[in-house]
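Encoded as structure tokens, the structure appears first; notes follow it.
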Amino acid sequence: MSSLARRPAVLAAALFMGGIGVHAYVPHRPMLWTTALAMLLLIAWRVSARTTLSIASLALAMIIGGIAAAQVEGFFYPRDHVSAFASDEPRLAQLEMDLIQPPRIITTPPGAQRPLPPKQVTTGRIRRIKTKHGWEPASGDVLVQIHQPHPRLSVGQTVRVLGMLQRPAPAMNPGQFDWAKYYREQRILASLQIPEAGNITLIGKPHPSWLDRLREATRRLLAAGFPANQTLDHALLRALVLGDGDPELRDITEQFKRTGTSHHLAISGMHVAVLGGFVLLICRLLRMSPRTAVTIMLSFVFVYGLVALPSPPVVRSVALCLAFGIGLLLRRSVDALQLLADFGRSVHGHYRTVLRVKAGVIPARSS
């Protein structure tokens, strides 16, 4: 009990993750759970501290908080989400959106019996969609596949497109990859097929942020050593190093999942630990002072967190490493287990990780 008293975040994180784990087995009523959470916190605040009622209220509040957060993340989408305009069958649609990922050209792997023409893939964030009442505001992300690559597309570009909008198809046969579940885990509920580059109209000049330019430059340097017939190897390396997903990795993802090694395709704390440990080791071998070595290590970890796929596990791991390193620089007492539990209670981070485990994309141990 004394160890738990010194590390209260450990028990809180365990209760919160327990709530996330059971959210699918309780009624899907996020507002009900949110109201119950507020009432329990009010009870814990009004009664005397360290009483049985106060502790029980806080413990139950952590469980219900996990349930509410998981259900909101899993089931709540705005009314104007693009999925409301899509169906299981392709429908002609005209949309206006921003490209939020660098467009990539996918070619047929070498040795394929039926080579297909190259196509371009990216992800767009919807701004508006044209209906019979005219242009209406819309939101949400959509997977974009262009059968005739457009040479002028870039991240941050606003485009108006005409294509076939539909929901990703679920698995129809035993053992088939479930694209609907895979993309739902990324909160993508619609895909857009654009048959020709002429169906794309560029609106203004692209305005990528400095962060987008940094990420695009990093991926461009990573792709420099791969010829056009090795796009699969390039996609795999990006997944292992930066956590980037790619439709071309469908079969490889399934193989990783069957062998229990699919956690390598998702950025986790191990990536950050390996990078930080390697940089720290090099700095110490160069006889740098401990404070200088830790500062350089934190700089590398911070830049890696910016460049890698922006996902909650990355943010959580980088924040944990930064907090630990800053504590060392300030010569403060640092409790690694308490820090891990504090950052482990990230609502979106743990819920997204649990979803990936359930979808079979990563096993439970990578969380």
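By convention in this document, the chains of the structure tokens carry letters A, B, ... by their order, each chain's residues are numbered from 1, and ligands are numbered from 1 in the order they are shown.
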(request) Fewer than 2 positions away in the same chain doesn't count, so skip those; otherwise give me all residues within 9 Å of A:Met297, counting only C-alpha atoms, as a ChimeraX atom specification. (result) /A:275-280,283,292-295,299-302,325
(message) Need to verify the contact set: stretch 123-134 of chain A, 7 Å, only C-alpha atoms, exclusion of same-chain residues closer than 5 positions in sequence. Can you return it as a ChimeraX atom specification?
(response) /A:94-101,139-144
How would the residues just chosen look if you wrote them out with C-alpha atoms as an mmCIF file, in the first residue's frame?
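Dumped to part04.cif:
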data_model
loop_
_atom_site.group_PDB
_atom_site.id
_atom_site.type_symbol
_atom_site.label_atom_id
_atom_site.label_comp_id
_atom_site.auth_asym_id
_atom_site.auth_seq_id
_atom_site.Cartn_x
_atom_site.Cartn_y
_atom_site.Cartn_z
ATOM 1 C CA GLN A 94 -17.675 16.452 -55.980
ATOM 2 C CA LEU A 95 -15.649 17.543 -52.966
ATOM 3 C CA GLU A 96 -13.292 20.243 -51.828
ATOM 4 C CA MET A 97 -10.518 19.162 -49.497
ATOM 5 C CA ASP A 98 -6.990 19.763 -48.216
ATOM 6 C CA LEU A 99 -4.289 17.156 -48.766
ATOM 7 C CA ILE A 100 -2.872 16.305 -45.353
ATOM 8 C CA GLN A 101 -0.370 13.634 -46.411
ATOM 9 C CA SER A 139 -15.639 17.354 -42.302
ATOM 10 C CA GLY A 140 -13.644 14.191 -41.827
ATOM 11 C CA ASP A 141 -10.730 12.501 -43.545
ATOM 12 C CA VAL A 142 -10.988 10.451 -46.714
ATOM 13 C CA LEU A 143 -8.603 8.026 -48.398
ATOM 14 C CA VAL A 144 -7.863 9.289 -51.920
#
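With only C-alpha atoms as the atoms that count, the minimum distance from A:Pro103 to the choices A:Gly175, A:Gly156, A:Pro30, A:Gly269 is reached by A:Gly156.
Interatomic distance, atom CA of A:His234 to atom CA of A:Gln255: 17.2 Å.
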(message) Can you tell me, as an MDAnalysis selection string, which residues in stretch 262-309 of chain A count as helix (DSSP H, G or I) by DSSP?
(response) chainID A and resid 262:265 269:285 290:307
Output C-alpha atoms for every residue in that selection, as a tab-separated table (two decimals), in the first residue's frame.
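And here is the file that came out, result-v2.tsv:
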chain	number	residue	atom	x	y	z
A	262	SER	CA	3.20	-6.41	-36.19
A	263	HIS	CA	4.12	-4.08	-33.31
A	264	HIS	CA	7.19	-3.18	-35.37
A	265	LEU	CA	4.89	-1.41	-37.86
A	269	GLY	CA	7.97	3.81	-26.81
A	270	MET	CA	10.58	1.30	-27.95
A	271	HIS	CA	11.42	3.42	-31.01
A	272	VAL	CA	11.96	6.49	-28.85
A	273	ALA	CA	13.95	4.50	-26.28
A	274	VAL	CA	16.26	3.03	-28.95
A	275	LEU	CA	16.85	6.43	-30.55
A	276	GLY	CA	17.44	8.20	-27.24
A	277	GLY	CA	19.69	5.43	-25.94
A	278	PHE	CA	21.75	5.35	-29.13
A	279	VAL	CA	22.28	9.12	-29.19
A	280	LEU	CA	23.11	9.14	-25.49
A	281	LEU	CA	25.63	6.33	-25.98
A	282	ILE	CA	27.35	8.17	-28.85
A	283	CYS	CA	27.55	11.36	-26.79
A	284	ARG	CA	29.05	9.54	-23.83
A	285	LEU	CA	31.59	7.78	-26.08
A	290	PRO	CA	26.21	14.22	-18.80
A	291	ARG	CA	24.14	17.43	-19.07
A	292	THR	CA	25.30	18.04	-22.65
A	293	ALA	CA	24.63	14.42	-23.61
A	294	VAL	CA	21.11	14.51	-22.17
A	295	THR	CA	20.37	17.83	-23.91
A	296	ILE	CA	21.47	16.49	-27.30
A	297	MET	CA	19.50	13.30	-26.74
A	298	LEU	CA	16.35	15.28	-25.93
A	299	SER	CA	16.82	17.36	-29.08
A	300	PHE	CA	17.00	14.26	-31.27
A	301	VAL	CA	13.95	12.73	-29.60
A	302	PHE	CA	11.95	15.94	-29.99
A	303	VAL	CA	12.78	16.23	-33.70
A	304	TYR	CA	11.91	12.55	-34.21
A	305	GLY	CA	8.55	13.12	-32.54
A	306	LEU	CA	7.85	15.95	-34.99
A	307	VAL	CA	8.93	13.99	-38.06
(message) Could you go through stretch 95-295 of chain A and tell me which residues DSSP, when run on the backbone, assigns to strand (DSSP E or B), listing them as a PyMOL selection string?
(response) chain A and resi 95-99+104-106+119-131+134-137+139+141-146+158-166+188-194+200-203
Would you output that residue set with N, CA and C atoms, as a short mmCIF file (atom, residue, chain, number, x, y, z; two decimals), in the first residue's frame?
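Below is the file result.cif, written as the result:
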data_model
loop_
_atom_site.label_atom_id
_atom_site.label_comp_id
_atom_site.auth_asym_id
_atom_site.auth_seq_id
_atom_site.Cartn_x
_atom_site.Cartn_y
_atom_site.Cartn_z
N LEU A 95 -16.07 17.12 -54.29
CA LEU A 95 -15.65 17.54 -52.97
C LEU A 95 -14.53 18.56 -53.07
N GLU A 96 -14.41 19.32 -51.99
CA GLU A 96 -13.29 20.24 -51.83
C GLU A 96 -12.56 19.85 -50.55
N MET A 97 -11.26 19.68 -50.65
CA MET A 97 -10.52 19.16 -49.50
C MET A 97 -9.07 19.64 -49.52
N ASP A 98 -8.41 19.47 -48.38
CA ASP A 98 -6.99 19.76 -48.22
C ASP A 98 -6.23 18.44 -48.14
N LEU A 99 -5.13 18.35 -48.83
CA LEU A 99 -4.29 17.16 -48.77
C LEU A 99 -3.42 17.23 -47.52
N ARG A 104 1.72 9.77 -52.73
CA ARG A 104 2.70 8.76 -53.09
C ARG A 104 2.21 8.01 -54.32
N ILE A 105 3.14 7.61 -55.17
CA ILE A 105 2.83 6.83 -56.36
C ILE A 105 3.15 5.36 -56.07
N ILE A 106 2.17 4.50 -56.26
CA ILE A 106 2.31 3.07 -56.01
C ILE A 106 2.36 2.35 -57.34
N LYS A 119 -0.63 4.22 -59.58
CA LYS A 119 -1.68 5.08 -59.06
C LYS A 119 -1.13 5.89 -57.90
N GLN A 120 -1.82 6.96 -57.60
CA GLN A 120 -1.37 7.90 -56.57
C GLN A 120 -2.31 7.81 -55.38
N VAL A 121 -1.76 7.80 -54.18
CA VAL A 121 -2.57 7.69 -52.96
C VAL A 121 -2.18 8.81 -52.00
N THR A 122 -3.16 9.31 -51.29
CA THR A 122 -2.94 10.33 -50.27
C THR A 122 -4.16 10.34 -49.36
N THR A 123 -4.17 11.25 -48.42
CA THR A 123 -5.31 11.43 -47.52
C THR A 123 -5.75 12.88 -47.57
N GLY A 124 -7.04 13.11 -47.67
CA GLY A 124 -7.59 14.46 -47.74
C GLY A 124 -8.50 14.76 -46.57
N ARG A 125 -8.52 16.02 -46.17
CA ARG A 125 -9.43 16.49 -45.11
C ARG A 125 -10.51 17.33 -45.77
N ILE A 126 -11.75 16.87 -45.66
CA ILE A 126 -12.85 17.45 -46.40
C ILE A 126 -13.20 18.84 -45.86
N ARG A 127 -13.43 19.76 -46.79
CA ARG A 127 -13.94 21.09 -46.46
C ARG A 127 -15.42 21.23 -46.81
N ARG A 128 -15.74 20.91 -48.06
CA ARG A 128 -17.11 21.05 -48.54
C ARG A 128 -17.45 19.90 -49.48
N ILE A 129 -18.73 19.66 -49.64
CA ILE A 129 -19.21 18.66 -50.58
C ILE A 129 -20.42 19.22 -51.31
N LYS A 130 -20.54 18.93 -52.58
CA LYS A 130 -21.61 19.48 -53.39
C LYS A 130 -22.81 18.54 -53.36
N THR A 131 -23.97 19.07 -52.97
CA THR A 131 -25.21 18.32 -52.95
C THR A 131 -26.21 18.98 -53.89
N GLY A 134 -26.49 22.63 -53.38
CA GLY A 134 -25.29 23.42 -53.54
C GLY A 134 -24.18 22.92 -52.63
N TRP A 135 -23.16 23.73 -52.49
CA TRP A 135 -22.02 23.36 -51.66
C TRP A 135 -22.40 23.47 -50.19
N GLU A 136 -22.12 22.40 -49.42
CA GLU A 136 -22.41 22.36 -48.00
C GLU A 136 -21.13 22.02 -47.23
N PRO A 137 -20.97 22.59 -46.03
CA PRO A 137 -19.78 22.27 -45.22
C PRO A 137 -19.76 20.78 -44.87
N SER A 139 -16.86 17.58 -43.09
CA SER A 139 -15.64 17.35 -42.30
C SER A 139 -15.23 15.89 -42.42
N ASP A 141 -11.82 12.88 -42.64
CA ASP A 141 -10.73 12.50 -43.55
C ASP A 141 -11.21 11.43 -44.51
N VAL A 142 -10.61 11.41 -45.68
CA VAL A 142 -10.99 10.45 -46.71
C VAL A 142 -9.72 9.93 -47.38
N LEU A 143 -9.70 8.63 -47.67
CA LEU A 143 -8.60 8.03 -48.40
C LEU A 143 -8.79 8.32 -49.88
N VAL A 144 -7.78 8.87 -50.52
CA VAL A 144 -7.86 9.29 -51.92
C VAL A 144 -6.94 8.40 -52.75
N GLN A 145 -7.50 7.83 -53.81
CA GLN A 145 -6.73 7.03 -54.75
C GLN A 145 -6.96 7.58 -56.15
N ILE A 146 -5.88 7.98 -56.82
CA ILE A 146 -5.94 8.60 -58.14
C ILE A 146 -5.35 7.63 -59.14
N THR A 158 -4.99 22.66 -51.54
CA THR A 158 -6.45 22.60 -51.54
C THR A 158 -6.90 22.26 -52.96
N VAL A 159 -7.75 21.24 -53.09
CA VAL A 159 -8.17 20.76 -54.41
C VAL A 159 -9.69 20.58 -54.42
N ARG A 160 -10.24 20.64 -55.62
CA ARG A 160 -11.65 20.32 -55.87
C ARG A 160 -11.65 19.13 -56.82
N VAL A 161 -12.28 18.05 -56.41
CA VAL A 161 -12.17 16.79 -57.15
C VAL A 161 -13.54 16.24 -57.48
N LEU A 162 -13.56 15.40 -58.50
CA LEU A 162 -14.76 14.67 -58.91
C LEU A 162 -14.38 13.20 -58.99
N GLY A 163 -15.07 12.38 -58.19
CA GLY A 163 -14.74 10.97 -58.16
C GLY A 163 -15.85 10.14 -57.56
N MET A 164 -15.54 8.88 -57.31
CA MET A 164 -16.52 7.94 -56.77
C MET A 164 -16.27 7.77 -55.27
N LEU A 165 -17.24 8.17 -54.48
CA LEU A 165 -17.15 8.14 -53.02
C LEU A 165 -17.88 6.90 -52.49
N GLN A 166 -17.24 6.19 -51.56
CA GLN A 166 -17.87 5.03 -50.95
C GLN A 166 -17.20 4.72 -49.62
N ILE A 188 -11.09 6.95 -40.46
CA ILE A 188 -11.37 7.18 -41.89
C ILE A 188 -12.52 6.26 -42.27
N LEU A 189 -13.64 6.84 -42.64
CA LEU A 189 -14.84 6.07 -42.93
C LEU A 189 -15.25 6.15 -44.39
N ALA A 190 -14.45 6.76 -45.24
CA ALA A 190 -14.81 6.90 -46.64
C ALA A 190 -13.55 6.89 -47.49
N SER A 191 -13.70 6.43 -48.72
CA SER A 191 -12.61 6.45 -49.70
C SER A 191 -13.11 7.09 -50.99
N LEU A 192 -12.20 7.67 -51.73
CA LEU A 192 -12.54 8.39 -52.96
C LEU A 192 -11.65 7.88 -54.08
N GLN A 193 -12.28 7.39 -55.14
CA GLN A 193 -11.57 6.92 -56.32
C GLN A 193 -11.68 8.00 -57.40
N ILE A 194 -10.54 8.50 -57.87
CA ILE A 194 -10.51 9.52 -58.92
C ILE A 194 -9.92 8.88 -60.17
N ILE A 200 -9.24 16.72 -61.18
CA ILE A 200 -8.69 17.44 -60.02
C ILE A 200 -8.41 18.87 -60.43
N THR A 201 -8.96 19.80 -59.65
CA THR A 201 -8.73 21.22 -59.87
C THR A 201 -7.97 21.79 -58.68
N LEU A 202 -6.82 22.37 -58.94
CA LEU A 202 -6.02 22.97 -57.87
C LEU A 202 -6.58 24.34 -57.53
N ILE A 203 -6.76 24.59 -56.23
CA ILE A 203 -7.29 25.87 -55.76
C ILE A 203 -6.17 26.61 -55.04
#
(message) Residues within 10 Å of stretch 36-53 of chain A, please, as a PyMOL selection string. Count only C-alpha atoms; anything in the same chain fewer than 3 positions from it doesn't count.
(response) chain A and resi 30-33+56-68
Please produce a file of those selected residues containing N, CA and C atoms, as a PDB file, in the first residue's frame.
ATOM      1  N   PRO A  30     -22.290   7.585 -24.412  1.00  0.00           N
ATOM      2  CA  PRO A  30     -21.203   8.444 -23.926  1.00  0.00           C
ATOM      3  C   PRO A  30     -21.683   9.571 -23.020  1.00  0.00           C
ATOM      4  N   MET A  31     -22.825  10.174 -23.333  1.00  0.00           N
ATOM      5  CA  MET A  31     -23.322  11.266 -22.498  1.00  0.00           C
ATOM      6  C   MET A  31     -23.698  10.766 -21.113  1.00  0.00           C
ATOM      7  N   LEU A  32     -24.260   9.558 -21.039  1.00  0.00           N
ATOM      8  CA  LEU A  32     -24.596   8.994 -19.734  1.00  0.00           C
ATOM      9  C   LEU A  32     -23.346   8.779 -18.896  1.00  0.00           C
ATOM     10  N   TRP A  33     -22.317   8.225 -19.506  1.00  0.00           N
ATOM     11  CA  TRP A  33     -21.076   7.985 -18.757  1.00  0.00           C
ATOM     12  C   TRP A  33     -20.389   9.300 -18.395  1.00  0.00           C
ATOM     13  N   ALA A  56     -13.373   5.598  -3.224  1.00  0.00           N
ATOM     14  CA  ALA A  56     -14.187   4.767  -4.109  1.00  0.00           C
ATOM     15  C   ALA A  56     -14.761   5.588  -5.260  1.00  0.00           C
ATOM     16  N   SER A  57     -15.167   6.815  -4.973  1.00  0.00           N
ATOM     17  CA  SER A  57     -15.706   7.678  -6.033  1.00  0.00           C
ATOM     18  C   SER A  57     -14.646   7.996  -7.077  1.00  0.00           C
ATOM     19  N   LEU A  58     -13.442   8.288  -6.628  1.00  0.00           N
ATOM     20  CA  LEU A  58     -12.371   8.583  -7.576  1.00  0.00           C
ATOM     21  C   LEU A  58     -12.006   7.359  -8.417  1.00  0.00           C
ATOM     22  N   ALA A  59     -11.981   6.179  -7.762  1.00  0.00           N
ATOM     23  CA  ALA A  59     -11.647   4.959  -8.511  1.00  0.00           C
ATOM     24  C   ALA A  59     -12.704   4.661  -9.567  1.00  0.00           C
ATOM     25  N   LEU A  60     -13.978   4.772  -9.168  1.00  0.00           N
ATOM     26  CA  LEU A  60     -15.052   4.525 -10.133  1.00  0.00           C
ATOM     27  C   LEU A  60     -15.060   5.587 -11.224  1.00  0.00           C
ATOM     28  N   ALA A  61     -14.692   6.823 -10.861  1.00  0.00           N
ATOM     29  CA  ALA A  61     -14.630   7.897 -11.862  1.00  0.00           C
ATOM     30  C   ALA A  61     -13.562   7.614 -12.908  1.00  0.00           C
ATOM     31  N   MET A  62     -12.432   7.030 -12.516  1.00  0.00           N
ATOM     32  CA  MET A  62     -11.398   6.703 -13.482  1.00  0.00           C
ATOM     33  C   MET A  62     -11.875   5.626 -14.454  1.00  0.00           C
ATOM     34  N   ILE A  63     -12.598   4.623 -13.936  1.00  0.00           N
ATOM     35  CA  ILE A  63     -13.116   3.568 -14.818  1.00  0.00           C
ATOM     36  C   ILE A  63     -14.133   4.145 -15.791  1.00  0.00           C
ATOM     37  N   ILE A  64     -15.068   4.934 -15.277  1.00  0.00           N
ATOM     38  CA  ILE A  64     -16.097   5.515 -16.136  1.00  0.00           C
ATOM     39  C   ILE A  64     -15.483   6.519 -17.097  1.00  0.00           C
ATOM     40  N   GLY A  65     -14.450   7.236 -16.661  1.00  0.00           N
ATOM     41  CA  GLY A  65     -13.773   8.146 -17.573  1.00  0.00           C
ATOM     42  C   GLY A  65     -13.160   7.411 -18.759  1.00  0.00           C
ATOM     43  N   GLY A  66     -12.575   6.231 -18.509  1.00  0.00           N
ATOM     44  CA  GLY A  66     -12.050   5.428 -19.607  1.00  0.00           C
ATOM     45  C   GLY A  66     -13.141   4.960 -20.549  1.00  0.00           C
ATOM     46  N   ILE A  67     -14.276   4.563 -19.999  1.00  0.00           N
ATOM     47  CA  ILE A  67     -15.401   4.130 -20.840  1.00  0.00           C
ATOM     48  C   ILE A  67     -15.897   5.282 -21.701  1.00  0.00           C
ATOM     49  N   ALA A  68     -16.101   6.450 -21.075  1.00  0.00           N
ATOM     50  CA  ALA A  68     -16.618   7.605 -21.824  1.00  0.00           C
ATOM     51  C   ALA A  68     -15.647   8.040 -22.912  1.00  0.00           C
TER      52      ALA A  68
END
(message) Report, in Å with one decimal, the straight-line distance from atom CA of A:Val314 to atom CA of A:Ser268.
(response) 6.2 Å
